[in-house]
$ cat coords_33.cif   # mmCIF, C-alpha atoms and all ligand atoms
data_structure
loop_
_atom_site.label_atom_id
_atom_site.label_comp_id
_atom_site.auth_asym_id
_atom_site.auth_seq_id
_atom_site.Cartn_x
_atom_site.Cartn_y
_atom_site.Cartn_z
CA MET U 1 6.09 -37.48 11.22
CA TYR U 2 7.38 -37.89 14.76
CA PHE U 3 10.78 -39.27 13.77
CA LYS U 4 11.53 -36.03 11.90
CA PHE U 5 11.80 -34.10 15.14
CA THR U 6 14.89 -35.96 16.12
CA PHE U 7 16.69 -34.57 13.10
CA CYS U 8 15.60 -30.99 13.45
CA PRO U 9 16.59 -29.13 16.61
CA ILE U 10 14.43 -26.08 15.83
CA ILE U 11 11.24 -28.05 15.40
CA LEU U 12 12.15 -30.12 18.40
CA LEU U 13 12.50 -26.95 20.43
CA LEU U 14 9.14 -25.70 19.21
CA TRP U 15 7.55 -29.04 19.97
CA ALA U 16 9.18 -29.07 23.40
CA SER U 17 7.91 -25.60 24.24
CA LEU U 18 4.42 -26.42 22.98
CA SER U 19 4.25 -29.49 25.13
CA PHE U 20 5.61 -27.46 28.04
CA ALA U 21 2.80 -24.95 27.54
CA GLN U 22 -0.01 -27.45 27.16
CA ASN U 23 -1.48 -26.92 30.62
CA VAL U 24 -2.14 -23.21 30.16
CA ASN U 25 -5.81 -22.22 30.08
CA VAL U 26 -6.75 -19.31 27.85
CA VAL U 27 -10.12 -17.67 28.41
CA ILE U 28 -11.44 -15.26 25.83
CA HIS U 29 -14.37 -13.02 26.67
CA GLY U 30 -15.82 -12.82 23.20
CA ALA U 31 -18.61 -10.44 24.17
CA ALA U 32 -16.38 -7.67 25.53
CA SER U 33 -14.33 -5.65 23.07
CA ILE U 34 -11.46 -3.37 24.04
CA ALA U 35 -11.53 -1.30 20.85
CA LYS U 36 -13.21 -1.07 17.47
CA THR U 37 -11.44 -0.45 14.18
CA ASP U 38 -12.86 1.17 11.09
CA ASP U 39 -14.41 -1.28 8.59
CA ASN U 40 -11.50 -0.42 6.31
CA PHE U 41 -8.72 -0.77 8.84
CA VAL U 42 -6.26 -2.16 6.31
CA CYS U 43 -4.91 0.67 4.21
CA VAL U 44 -1.93 1.13 1.91
CA THR U 45 -0.15 4.14 0.51
CA LEU U 46 0.91 5.25 -2.92
CA ASP U 47 3.88 7.59 -2.85
CA TRP U 48 5.18 10.41 -5.06
CA TRP U 49 8.82 9.29 -5.25
CA PRO U 50 10.32 9.42 -8.74
CA ALA U 51 12.67 6.71 -10.04
CA GLU U 52 15.67 8.88 -9.07
CA LYS U 53 14.92 8.51 -5.35
CA CYS U 54 17.84 6.56 -3.87
CA ASP U 55 18.94 5.57 -0.38
CA TYR U 56 21.90 3.52 0.76
CA ASN U 57 23.24 3.24 -2.81
CA GLN U 58 20.11 1.74 -4.29
CA CYS U 59 17.04 3.17 -5.99
CA PRO U 60 14.07 0.91 -5.19
CA TRP U 61 11.18 3.04 -6.50
CA GLY U 62 11.48 2.52 -10.22
CA LYS U 63 8.21 3.36 -11.89
CA ALA U 64 6.11 2.79 -8.77
CA GLY U 65 5.50 6.47 -7.96
CA ILE U 66 2.06 8.07 -8.38
CA LEU U 67 3.14 9.96 -11.47
CA ASN U 68 4.85 6.96 -13.10
CA LEU U 69 2.89 3.88 -12.14
CA ASP U 70 1.42 2.01 -15.09
CA LEU U 71 -2.21 1.66 -14.07
CA ARG U 72 -3.17 -0.84 -16.77
CA TYR U 73 -1.60 -3.99 -15.31
CA GLY U 74 -4.11 -6.69 -14.47
CA ALA U 75 -1.98 -7.92 -11.58
CA LEU U 76 -2.09 -4.46 -9.98
CA ILE U 77 -5.82 -4.07 -10.56
CA ASN U 78 -6.60 -7.52 -9.15
CA ALA U 79 -4.33 -7.02 -6.15
CA ILE U 80 -6.42 -3.98 -5.17
CA LYS U 81 -9.81 -5.43 -6.08
CA ALA U 82 -9.19 -8.41 -3.81
CA PHE U 83 -9.80 -6.16 -0.78
CA ASN U 84 -13.13 -4.85 -2.00
CA PRO U 85 -12.64 -2.06 -1.07
CA LEU U 86 -9.04 -1.13 -0.30
CA ARG U 87 -8.32 2.13 1.47
CA ILE U 88 -5.47 3.96 -0.22
CA LYS U 89 -3.67 7.07 0.91
CA VAL U 90 -1.92 9.09 -1.75
CA GLY U 91 0.92 10.97 -0.12
CA GLY U 92 4.46 10.89 1.18
CA SER U 93 7.43 13.16 1.65
CA LEU U 94 7.10 14.98 -1.64
CA GLN U 95 3.39 15.77 -1.26
CA ASP U 96 4.23 19.17 0.26
CA ASN U 97 6.28 19.83 -2.84
CA VAL U 98 3.50 19.16 -5.38
CA VAL U 99 1.43 21.78 -7.18
CA TYR U 100 -1.79 20.93 -8.99
CA LYS U 101 -1.92 22.11 -12.59
CA VAL U 102 -5.30 23.75 -12.48
CA GLY U 103 -6.58 27.33 -12.14
CA GLU U 104 -3.72 29.83 -12.01
CA VAL U 105 -0.99 27.17 -12.20
CA SER U 106 0.01 26.77 -15.83
CA SER U 107 3.44 25.12 -15.82
CA CYS U 108 3.84 21.52 -14.71
CA PRO U 109 7.48 20.65 -13.95
CA ASN U 110 8.69 17.12 -13.15
CA PHE U 111 10.48 16.38 -9.92
CA MET U 112 14.20 16.88 -10.53
CA LYS U 113 17.07 15.93 -8.27
CA ARG U 114 18.17 19.10 -6.49
CA GLU U 115 20.62 19.27 -3.59
CA ASP U 116 18.91 22.21 -1.90
CA GLY U 117 15.34 21.09 -2.71
CA LEU U 118 12.96 19.73 -0.10
CA PHE U 119 13.94 16.04 0.31
CA GLY U 120 16.48 16.51 -2.47
CA PHE U 121 14.00 17.29 -5.24
CA SER U 122 12.63 20.36 -6.99
CA GLN U 123 8.90 21.05 -7.04
CA GLY U 124 6.75 18.54 -8.90
CA CYS U 125 3.29 18.72 -10.34
CA LEU U 126 0.08 16.75 -10.72
CA SER U 127 -1.59 17.42 -14.06
CA MET U 128 -5.34 17.05 -14.29
CA GLU U 129 -4.84 14.47 -17.05
CA ARG U 130 -2.95 12.27 -14.60
CA TRP U 131 -5.55 12.98 -11.90
CA ASP U 132 -8.24 11.81 -14.34
CA GLN U 133 -6.31 8.58 -15.02
CA LEU U 134 -5.81 7.96 -11.33
CA ASN U 135 -9.48 8.48 -10.59
CA ARG U 136 -10.60 6.16 -13.35
CA PHE U 137 -8.26 3.60 -11.82
CA PHE U 138 -9.52 4.21 -8.27
CA ASN U 139 -13.10 4.01 -9.42
CA HIS U 140 -12.52 0.83 -11.39
CA THR U 141 -10.73 -0.91 -8.51
CA GLY U 142 -13.16 0.39 -5.86
CA VAL U 143 -10.60 2.32 -3.83
CA LYS U 144 -11.55 4.38 -0.78
CA LEU U 145 -9.28 7.36 -1.24
CA THR U 146 -7.44 9.61 1.19
CA PHE U 147 -5.59 12.36 -0.63
CA GLY U 148 -2.67 14.08 1.10
CA LEU U 149 -2.61 17.81 0.33
CA ASN U 150 0.35 20.14 0.01
CA ALA U 151 0.38 21.97 3.35
CA LEU U 152 3.46 24.07 2.60
CA PHE U 153 1.89 25.95 -0.30
CA GLY U 154 2.60 29.66 0.09
CA ARG U 155 4.94 29.28 3.05
CA ASN U 156 8.67 30.04 3.04
CA GLU U 157 11.52 28.51 4.96
CA SER U 158 12.59 30.70 7.87
CA GLN U 159 15.85 32.63 7.41
CA THR U 160 16.78 32.12 11.02
CA GLU U 161 15.71 28.52 11.77
CA LYS U 162 16.57 25.87 9.25
CA GLY U 163 13.70 23.51 8.41
CA LEU U 164 11.01 25.73 9.95
CA TRP U 165 8.42 26.90 7.43
CA ILE U 166 6.59 30.11 8.25
CA GLY U 167 3.63 32.13 7.05
CA ASP U 168 0.00 31.20 6.41
CA TRP U 169 -0.93 28.29 4.18
CA GLN U 170 -2.32 29.55 0.87
CA PRO U 171 -5.42 27.53 -0.09
CA GLN U 172 -5.98 28.77 -3.66
CA ASN U 173 -4.33 25.86 -5.48
CA THR U 174 -6.15 23.36 -3.26
CA ARG U 175 -9.44 25.21 -3.85
CA ASP U 176 -8.98 24.96 -7.62
CA PHE U 177 -7.99 21.32 -7.31
CA MET U 178 -11.06 20.46 -5.22
CA GLN U 179 -13.36 22.35 -7.56
CA TYR U 180 -11.99 20.37 -10.47
CA THR U 181 -12.35 17.12 -8.51
CA ILE U 182 -15.97 17.93 -7.63
CA SER U 183 -16.81 18.96 -11.21
CA LYS U 184 -15.66 15.51 -12.35
CA GLY U 185 -17.60 13.67 -9.67
CA TYR U 186 -14.50 11.98 -8.21
CA ASN U 187 -14.96 10.44 -4.78
CA VAL U 188 -12.52 11.45 -2.08
CA ASP U 189 -13.13 9.86 1.30
CA SER U 190 -10.79 12.22 3.12
CA TYR U 191 -8.17 14.91 2.68
CA GLU U 192 -5.09 14.79 4.84
CA PHE U 193 -3.33 18.05 5.59
CA GLY U 194 0.43 17.79 5.03
CA ASN U 195 3.05 15.11 5.55
CA GLN U 196 5.46 14.84 8.48
CA LEU U 197 5.46 18.53 9.30
CA SER U 198 4.54 18.00 12.96
CA GLY U 199 6.96 18.12 15.89
CA SER U 200 10.53 18.36 14.70
CA GLY U 201 9.42 17.29 11.21
CA MET U 202 11.37 15.36 8.62
CA GLY U 203 13.17 18.00 6.59
CA ALA U 204 10.42 20.59 7.10
CA LYS U 205 8.25 21.53 10.06
CA VAL U 206 5.51 24.00 10.87
CA ASP U 207 4.63 25.43 14.27
CA ALA U 208 1.63 23.70 15.88
CA LYS U 209 -0.35 26.92 16.42
CA GLN U 210 0.13 27.95 12.81
CA TYR U 211 -0.89 24.46 11.64
CA GLY U 212 -3.98 24.53 13.86
CA LYS U 213 -5.08 27.82 12.27
CA ASP U 214 -4.43 26.52 8.76
CA VAL U 215 -6.42 23.32 9.22
CA ILE U 216 -9.44 25.47 10.11
CA VAL U 217 -9.02 27.21 6.74
CA LEU U 218 -8.95 23.80 5.05
CA LYS U 219 -12.02 22.58 6.92
CA ASN U 220 -13.98 25.70 5.94
CA LEU U 221 -12.93 25.25 2.35
CA VAL U 222 -14.16 21.63 2.32
CA LYS U 223 -17.46 22.68 3.92
CA GLU U 224 -17.92 25.46 1.40
CA LEU U 225 -17.16 23.38 -1.69
CA TYR U 226 -18.81 20.14 -0.61
CA ALA U 227 -22.25 21.42 0.30
CA HIS U 228 -23.84 18.09 1.30
CA PRO U 229 -22.68 16.90 4.72
CA GLU U 230 -23.12 13.22 3.80
CA THR U 231 -20.75 13.39 0.83
CA GLN U 232 -18.32 15.82 2.44
CA PRO U 233 -14.79 14.41 2.64
CA LYS U 234 -13.30 14.18 6.11
CA VAL U 235 -10.33 16.29 7.15
CA LEU U 236 -7.33 14.46 8.63
CA GLY U 237 -4.11 15.70 10.18
CA PRO U 238 -1.35 16.27 10.96
CA GLY U 239 0.04 13.08 9.34
CA GLY U 240 3.39 13.21 11.10
CA PHE U 241 5.34 11.80 14.00
CA TYR U 242 3.68 12.02 17.38
CA GLU U 243 4.97 14.62 19.80
CA GLU U 244 2.80 15.20 22.80
CA LYS U 245 3.08 18.96 23.06
CA TRP U 246 2.78 19.62 19.34
CA PHE U 247 -0.30 17.36 18.96
CA ASN U 248 -2.04 18.89 21.96
CA THR U 249 -1.43 22.45 20.78
CA PHE U 250 -2.57 21.59 17.27
CA LEU U 251 -5.93 20.24 18.48
CA GLU U 252 -6.36 22.96 21.06
CA VAL U 253 -5.91 25.71 18.48
CA SER U 254 -8.03 24.08 15.78
CA GLY U 255 -10.83 23.32 18.27
CA ARG U 256 -13.69 20.83 18.15
CA GLY U 257 -15.16 19.50 14.92
CA ILE U 258 -12.32 20.64 12.66
CA VAL U 259 -9.93 17.67 12.53
CA ASP U 260 -12.10 14.58 11.92
CA GLY U 261 -9.25 12.10 12.27
CA LEU U 262 -5.98 12.52 14.14
CA THR U 263 -3.30 10.96 11.95
CA HIS U 264 0.27 9.96 12.69
CA HIS U 265 3.14 7.93 11.26
CA ILE U 266 5.02 4.97 12.73
CA TYR U 267 8.57 3.94 11.77
CA ASN U 268 9.66 1.94 14.76
CA LEU U 269 12.41 -0.10 13.08
CA GLY U 270 14.75 2.83 12.44
CA PRO U 271 16.93 3.32 9.33
CA GLY U 272 16.52 0.77 6.52
CA ASP U 273 20.23 -0.04 6.35
CA ASP U 274 20.49 -1.28 9.93
CA PRO U 275 22.28 -4.67 9.72
CA ASN U 276 20.49 -5.65 12.93
CA MET U 277 17.03 -5.34 11.32
CA MET U 278 16.10 -9.00 11.47
CA ASN U 279 16.90 -9.20 15.18
CA LYS U 280 14.73 -6.16 15.91
CA ILE U 281 11.81 -7.67 14.02
CA LEU U 282 12.07 -10.94 15.88
CA ASP U 283 12.41 -9.34 19.31
CA PRO U 284 8.99 -8.88 20.99
CA SER U 285 10.36 -6.52 23.63
CA TYR U 286 11.83 -4.28 20.95
CA LEU U 287 8.55 -4.30 19.01
CA ASN U 288 6.56 -3.48 22.16
CA GLN U 289 8.44 -0.24 22.81
CA VAL U 290 6.33 1.63 20.27
CA SER U 291 3.17 0.96 22.30
CA GLN U 292 4.12 4.15 24.19
CA THR U 293 3.46 6.12 21.03
CA TYR U 294 0.07 4.51 20.48
CA LYS U 295 -0.80 5.16 24.10
CA GLY U 296 0.20 8.82 23.75
CA VAL U 297 -1.90 9.28 20.64
CA SER U 298 -4.91 7.55 22.16
CA ASP U 299 -4.62 9.78 25.26
CA VAL U 300 -4.75 12.85 23.03
CA VAL U 301 -7.75 11.39 21.21
CA ASN U 302 -9.53 10.76 24.50
CA LYS U 303 -8.96 14.39 25.44
CA TYR U 304 -10.11 16.09 22.22
CA ARG U 305 -12.36 13.37 20.81
CA PRO U 306 -11.98 13.81 17.05
CA GLN U 307 -14.92 12.07 15.37
CA LEU U 308 -12.86 9.43 13.54
CA GLY U 309 -10.34 8.82 16.31
CA ALA U 310 -6.69 8.08 15.52
CA TRP U 311 -5.33 6.71 12.25
CA VAL U 312 -1.85 5.54 11.32
CA THR U 313 -1.61 7.01 7.83
CA GLU U 314 1.90 5.82 7.08
CA SER U 315 3.98 3.00 8.41
CA GLY U 316 6.66 1.12 6.55
CA GLY U 317 8.62 -0.28 9.46
CA ALA U 318 12.09 0.74 8.37
CA LEU U 319 12.84 4.29 7.21
CA ASN U 320 14.12 5.52 3.85
CA GLY U 321 12.54 2.98 1.56
CA GLY U 322 12.58 0.04 3.96
CA SER U 323 15.16 -2.67 4.45
CA LYS U 324 16.57 -4.18 1.27
CA ASP U 325 17.03 -7.62 2.79
CA VAL U 326 14.12 -7.88 5.18
CA SER U 327 11.08 -5.76 4.26
CA ARG U 328 10.00 -7.94 1.36
CA THR U 329 10.41 -11.23 3.22
CA PHE U 330 8.15 -13.45 5.26
CA ALA U 331 9.97 -12.33 8.42
CA ASP U 332 8.66 -8.77 7.95
CA GLY U 333 5.22 -10.12 8.84
CA PHE U 334 6.38 -10.46 12.45
CA TRP U 335 6.63 -6.68 12.47
CA TYR U 336 3.61 -5.91 10.25
CA LEU U 337 1.01 -8.21 11.78
CA ASP U 338 2.20 -7.33 15.27
CA GLN U 339 1.81 -3.62 14.48
CA MET U 340 -1.71 -4.04 13.14
CA GLY U 341 -2.65 -5.95 16.26
CA MET U 342 -1.03 -3.44 18.57
CA ALA U 343 -2.48 -0.43 16.75
CA SER U 344 -5.99 -1.85 16.96
CA THR U 345 -5.76 -2.59 20.67
CA TYR U 346 -4.89 1.09 21.17
CA ASP U 347 -8.07 1.99 19.29
CA GLN U 348 -6.36 3.17 16.12
CA LYS U 349 -9.04 2.99 13.44
CA VAL U 350 -6.93 2.65 10.28
CA PHE U 351 -3.40 1.42 9.55
CA CYS U 352 -1.79 2.44 6.25
CA ARG U 353 1.17 0.37 5.13
CA GLN U 354 3.89 2.17 3.21
CA ALA U 355 3.62 1.21 0.40
CA LEU U 356 1.31 -0.76 -1.87
CA ILE U 357 4.13 -0.66 -4.38
CA GLY U 358 7.60 0.90 -4.41
CA GLY U 359 10.59 1.05 -2.12
CA ASN U 360 11.80 -2.13 -0.47
CA TYR U 361 8.67 -2.25 1.66
CA GLY U 362 6.15 -2.49 -1.19
CA LEU U 363 3.49 -5.16 -0.80
CA LEU U 364 3.87 -5.76 -4.51
CA ASN U 365 7.17 -6.07 -6.35
CA ALA U 366 7.65 -2.82 -8.25
CA THR U 367 8.72 -4.45 -11.50
CA THR U 368 6.84 -7.74 -11.58
CA PHE U 369 3.77 -6.79 -9.46
CA VAL U 370 4.15 -10.17 -7.75
CA PRO U 371 2.82 -9.98 -4.17
CA ASN U 372 5.30 -10.19 -1.30
CA PRO U 373 4.37 -12.16 1.84
CA ASP U 374 3.06 -9.03 3.61
CA TYR U 375 0.49 -8.56 0.84
CA TYR U 376 -1.09 -11.81 1.96
CA GLY U 377 -0.76 -10.71 5.57
CA ALA U 378 -2.78 -7.61 4.73
CA LEU U 379 -5.39 -9.60 2.86
CA LEU U 380 -5.66 -12.10 5.68
C1 LIG U 401 -17.45 5.10 -9.80
O1 LIG U 401 -18.09 6.09 -10.58
C2 LIG U 401 -19.48 5.94 -10.67
C3 LIG U 401 -20.01 6.97 -11.64
O2 LIG U 401 -19.59 8.25 -11.28
C4 LIG U 401 -20.08 6.07 -9.28
O3 LIG U 401 -21.49 5.88 -9.32
C5 LIG U 401 -19.46 5.04 -8.35
O4 LIG U 401 -19.92 5.23 -7.02
C6 LIG U 401 -17.94 5.16 -8.37
N1 LIG U 401 -17.36 4.09 -7.58
C7 LIG U 401 -16.42 4.30 -6.69
C8 LIG U 401 -15.93 3.09 -5.98
O5 LIG U 401 -15.95 5.39 -6.44
C1 LIG U 402 7.56 34.06 0.67
O1 LIG U 402 8.52 34.54 -0.27
C2 LIG U 402 7.94 35.17 -1.39
C3 LIG U 402 9.05 35.44 -2.38
O2 LIG U 402 10.19 35.92 -1.73
C4 LIG U 402 7.18 36.42 -0.94
O3 LIG U 402 6.58 37.02 -2.05
C5 LIG U 402 6.11 35.98 0.06
O4 LIG U 402 5.46 37.13 0.58
C6 LIG U 402 6.72 35.21 1.21
N1 LIG U 402 5.62 34.66 2.03
C7 LIG U 402 5.66 34.63 3.35
C8 LIG U 402 4.48 34.01 4.01
O5 LIG U 402 6.59 35.07 4.00
C1 LIG U 403 11.37 -7.74 -7.70
O1 LIG U 403 11.48 -8.95 -8.38
C2 LIG U 403 12.69 -9.07 -9.12
C3 LIG U 403 12.61 -10.35 -9.96
O2 LIG U 403 12.28 -11.44 -9.13
C4 LIG U 403 13.86 -9.06 -8.17
O3 LIG U 403 15.09 -9.14 -8.86
C5 LIG U 403 13.82 -7.76 -7.37
O4 LIG U 403 14.87 -7.74 -6.40
C6 LIG U 403 12.50 -7.58 -6.69
N1 LIG U 403 12.46 -6.25 -6.07
C7 LIG U 403 12.08 -6.06 -4.82
C8 LIG U 403 12.15 -4.64 -4.32
O5 LIG U 403 11.69 -6.94 -4.09
#

$ encode --input "coords_33.cif" --output "structure tokens"
Amino acid sequence: MYFKFTFCPIILLLWASLSFAQNVNVVIHGAASIAKTDDNFVCVTLDWWPAEKCDYNQCPWGKAGILNLDLRYGALINAIKAFNPLRIKVGGSLQDNVVYKVGEVSSCPNFMKREDGLFGFSQGCLSMERWDQLNRFFNHTGVKLTFGLNALFGRNESQTEKGLWIGDWQPQNTRDFMQYTISKGYNVDSYEFGNQLSGSGMGAKVDAKQYGKDVIVLKNLVKELYAHPETQPKVLGPGGFYEEKWFNTFLEVSGRGIVDGLTHHIYNLGPGDDPNMMNKILDPSYLNQVSQTYKGVSDVVNKYRPQLGAWVTESGGALNGGSKDVSRTFADGFWYLDQMGMASTYDQKVFCRQALIGGNYGLLNATTFVPNPDYYGALL
């Protein structure tokens, strides 16, 4: 094999640097841990995006959205079962735009492209027939489920400040939805309150004090409907980008024992169409910058001590569907595996990859269900 090195400068370089480094002693104190993850640290998301969701002149969701995904494919079922169990979060941008067709809600419209709609779509709907199908699928594949709730229900956009949603959250539709879920015996590990409504939001935002009050309403609802503490789903929030002041106010207003897990999202690679994406992914100093966010979140957790600590409930690397050329490749693992390592050293308990399927960052190809390299990274 040795002769090969002379023909390959890259391997030669690697070999040279390895031999340069051979006198370094590494000591690992196996008995002392710096942090502890949840048993189900590896988590993936399923998103609501319809096939019409496009970014940068391409539409990478196809039939991978929660309402469209064909749940009968063996490749999909086996990909999930391999984790035994896999934690899945159902959520995403459109979750605050979804009504549940149960109780007083009788019409069930599909998401339609709409210029003035939240994230460019009209309101969508989850029928209980689809919810039944999804739960049969989750049960069959042994999924540990986090369900992201619509936290804008009943609010209106402010007339004076664009993007700010005001008024109290109205829990009736969620109450009916939970009652249905309980009556069917479906297991929900946790409910997450809203998607990316914290801080300056992504298209929509809610004031931290208001959100803190609303999450108390949600917690009381869960306690009322799920009478047995041991089977009571946990309450997570706010499921958005970390902003110090907003997160502190949110936990201060909600108080102890309300938010079980403090959840946030990480997109540290910027917009998916950045031509410089590969360089960012391969640059350790760039990747390390986001440690400030993890540190901030873990400081807030140390202050308010939510029972389940901090979770990353959505992270796809690059925004707006991921990077067409990079997210599905082997190179993306330099971002993904590094993030999982970094998140765990900052005591983040769970890390949800956007997405199991769909977008350019899906772990599975949305049309063939063939695993991308990061799927194996997750499994490993
Ligand atoms: C699947 O459903 C059965 C029957 O309701 C239940 O006993 C079992 O715990 C469920 N499994 C999962 C993984 O939710
Ligand atoms: C939102 O708007 C609707 C319709 O205009 C109105 O009935 C409702 O009271 C408003 N809610 C809040 C919280 O302002
Ligand atoms: C999925 O696989 C097909 C066939 O190999 C390929 O043309 C397509 O680009 C892949 N899609 C993604 C998002 O990787």

$ residues_near_ligand --input "coords_33.cif" --ligand "ligand LIG 402 (chain U)" --cutoff "9 Å" --atoms "all atoms listed in the file" --output "NGL selection string"
:U and (154-158 or 165-170)

$ closest_residue --input "coords_33.cif" --among "U:Leu149, U:Met202, U:Ala51, U:Leu225" --to "Met112 in chain U" --atoms "only C-alpha atoms"
U:Ala51

$ closest_residue --input "coords_33.cif" --among "U:Phe351, U:Tyr376, U:Phe137, U:Phe83" --to "Val44 in chain U" --atoms "all atoms listed in the file"
U:Phe351

$ residues_near_ligand --input "coords_33.cif" --ligand "ligand LIG 403 (chain U)" --cutoff "8 Å" --atoms "all atoms listed in the file" --output "PyMOL selection string"
chain U and resi 60+324+328+358-362+364-370+372

$ axis_aligned_box --input "coords_33.cif" --around "ligand LIG 401 (chain U)" --padding-each-side "3 Å" --output "lines of an AutoDock Vina configuration file"
center_x = -18.7
center_y = 5.7
center_z = -8.8
size_x = 11.6
size_y = 11.2
size_z = 11.7

$ closest_atom_pairs --input "coords_33.cif" --of "chain U" --to "ligand LIG 401 (chain U)" --cutoff "10 Å" --atoms "all atoms listed in the file" --output "CSV"
residue,atom,partner,partner_atom,distance
U:Asn84,CA,U:LIG401,C8,9.3
U:Pro85,CA,U:LIG401,C8,7.8
U:Leu86,CA,U:LIG401,C8,9.9
U:Asn135,CA,U:LIG401,O5,8.3
U:Arg136,CA,U:LIG401,C1,7.8
U:Phe137,CA,U:LIG401,C1,9.5
U:Phe138,CA,U:LIG401,O5,6.8
U:Asn139,CA,U:LIG401,C7,4.3
U:His140,CA,U:LIG401,C1,6.7
U:Thr141,CA,U:LIG401,C8,7.0
U:Gly142,CA,U:LIG401,C8,3.9
U:Val143,CA,U:LIG401,C8,5.8
U:Lys144,CA,U:LIG401,C8,6.9
U:Leu145,CA,U:LIG401,O5,8.7
U:Lys184,CA,U:LIG401,O2,8.3
U:Gly185,CA,U:LIG401,O2,6.0
U:Tyr186,CA,U:LIG401,O5,7.0
U:Asn187,CA,U:LIG401,O5,5.4
U:Val188,CA,U:LIG401,O5,8.2
U:Asp189,CA,U:LIG401,O5,9.4

$ residues_around --input "coords_33.cif" --residues "range 252-255 of chain U" --least-positions-apart "3" --cutoff "8 Å" --atoms "all atoms listed in the file" --output "PyMOL selection string"
chain U and resi 209+212-213+215-216+248-249+258-259+304

$ atom_distance --input "coords_33.cif" --atom1 "CA of Val312 in chain U" --atom2 "CA of Phe147 in chain U"
14.3 Å

$ atom_distance --input "coords_33.cif" --atom1 "CA of Asp39 in chain U" --atom2 "CA of Ala64 in chain U"
27.2 Å

$ closest_residue --input "coords_33.cif" --among "U:Asp274, U:Asp55, U:Asp347, U:Asp132" --to "Ser183 in chain U" --atoms "all atoms listed in the file"
U:Asp132

$ closest_residue --input "coords_33.cif" --among "U:Thr293, U:Met277, U:Gly194, U:Gly261" --to "Glu243 in chain U" --atoms "only C-alpha atoms"
U:Thr293
